[in-house]
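Everything below concerns the one structure shown next.
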Amino acid sequence: STIRLALPDGHQQPPTLDFLSKAGLKTEGYGETGIYRPAISLPGVSVKVIRPQDMPLQVACGNFDLAITGQDWLLDHLCRFPTSPVQELVRLGFGKVRVVAVVPWGLPIETGRQLRGLVQNGHFRRLRVASEYVNIADKYARDNHLGHYQVIPTWGASEAFLPEDADLLIENTQTGRTLTENRLKIIDTLLESQACLIGRKNGLMPTEAQSVINSLIDRFHGILGR
């Protein structure tokens, strides 16, 4: 009946820790280097720290009951697995970013529709799309009829791919400052994302375990309602 909760590593740790503290939950060791199984002051819950991008698949496979990730990574998962049992349970109000389509300043377009026009006019032999969100990027290219394209997976510093190694970047941004500093411009917004609690649809849980999940959701709703 123990509930398995995944918490994010990296730069999402400080705001997640702050949110949990506001919810009255203490975590021992969360955020400390090398600690992947911190303790939490909620009976019936065990915690493990993993990457946010891995969480939707891990929840879908039943390795975790709950996870705090981003709506962006949930969407990327659902783009690949539309019938996945994973769903958003609570929007948490922090970790807000936009997922955007980005091109170099030198490309004479300002919108996604204009990009499609360049593709249809043969401007690109093959459009190269770089992104950490490989499934969102693939769906964006297909939905916008961007012709013969190639999705290039990236793992950080994605801005450096344009213009030499990619033509289009699907990236997240908070202010757009880093994109501007790298002489890049936004031509489309795909998603406004924030942190969220995810779980499985129609999960058959023991009554005691479901009670713990409901209690945690109520705590989170209580913080958001202040």
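Residues are referred to by chain and number: the chain letter is A, B, ... according to the order shown in the structure tokens, the number counts from 1 in that chain, and ligands are numbered separately from 1 in the order shown.
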
Name the residues in contact with Thr154 in chain A at a cut-off of 8 Å, using only C-alpha atoms, excluding same-chain residues fewer than 2 positions from it; report them as a PyMOL selection string.
chain A and resi 130-132+152+156-158

Tell me, which residues of range 13-138 of chain A carry DSSP strand (DSSP E or B), written as a count of residues only?
34

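For the choices A:Pro85, A:Gly117, A:Pro153, A:Pro108, the atom-to-atom distance to Asp165 in chain A is smallest for A:Pro153 when using only C-alpha atoms.
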
Non-local contacts of Val151 in chain A (8 Å; only C-alpha atoms; under 3 positions in same chain excluded) as an MDAnalysis selection string:
chainID A and resid 128:131 134 137:138

Limited to C-alpha atoms, could you put the picked residues into a file as a CSV table (one decimal), in the first residue's frame?
chain,number,residue,atom,x,y,z
A,128,ARG,CA,16.4,19.9,-39.7
A,129,VAL,CA,14.5,20.2,-36.4
A,130,ALA,CA,16.5,20.2,-33.2
A,131,SER,CA,14.9,19.6,-29.8
A,134,VAL,CA,11.6,14.9,-30.0
A,137,ALA,CA,8.9,18.4,-32.5
A,138,ASP,CA,7.9,15.5,-34.7

Residues within 8 Å of Asn182 in chain A, please, as a ChimeraX atom specification. Count only C-alpha atoms; anything in the same chain fewer than 4 positions from it doesn't count.
/A:159-160,178

Please save N, CA and C atoms of the selected residues as a PDB file, in the first residue's frame.
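result16.pdb, written as the output of this step:
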ATOM      1  N   GLU A 159      20.447  25.894 -28.254  1.00  0.00           N
ATOM      2  CA  GLU A 159      20.536  27.113 -29.067  1.00  0.00           C
ATOM      3  C   GLU A 159      21.736  27.090 -30.007  1.00  0.00           C
ATOM      4  N   ALA A 160      22.784  26.351 -29.622  1.00  0.00           N
ATOM      5  CA  ALA A 160      24.004  26.323 -30.432  1.00  0.00           C
ATOM      6  C   ALA A 160      23.821  25.585 -31.747  1.00  0.00           C
ATOM      7  N   THR A 178      17.764  34.305 -23.490  1.00  0.00           N
ATOM      8  CA  THR A 178      18.852  33.474 -24.018  1.00  0.00           C
ATOM      9  C   THR A 178      18.727  33.298 -25.525  1.00  0.00           C
TER      10      THR A 178
END

Which residue, A:Ala166, A:Leu17, A:Leu66, A:Ile186, has the smallest gap to Ala101 in chain A when you use only C-alpha atoms?
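Of A:Ala166, A:Leu17, A:Leu66, A:Ile186, the one nearest Ala101 in chain A is A:Ile186, counting only C-alpha atoms.
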
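You can rank A:Ser21, A:Gln194, A:Gln53, A:Thr33 by their closest distance to Gly93 in chain A using only C-alpha atoms, and at the top of that list sits A:Gln194.
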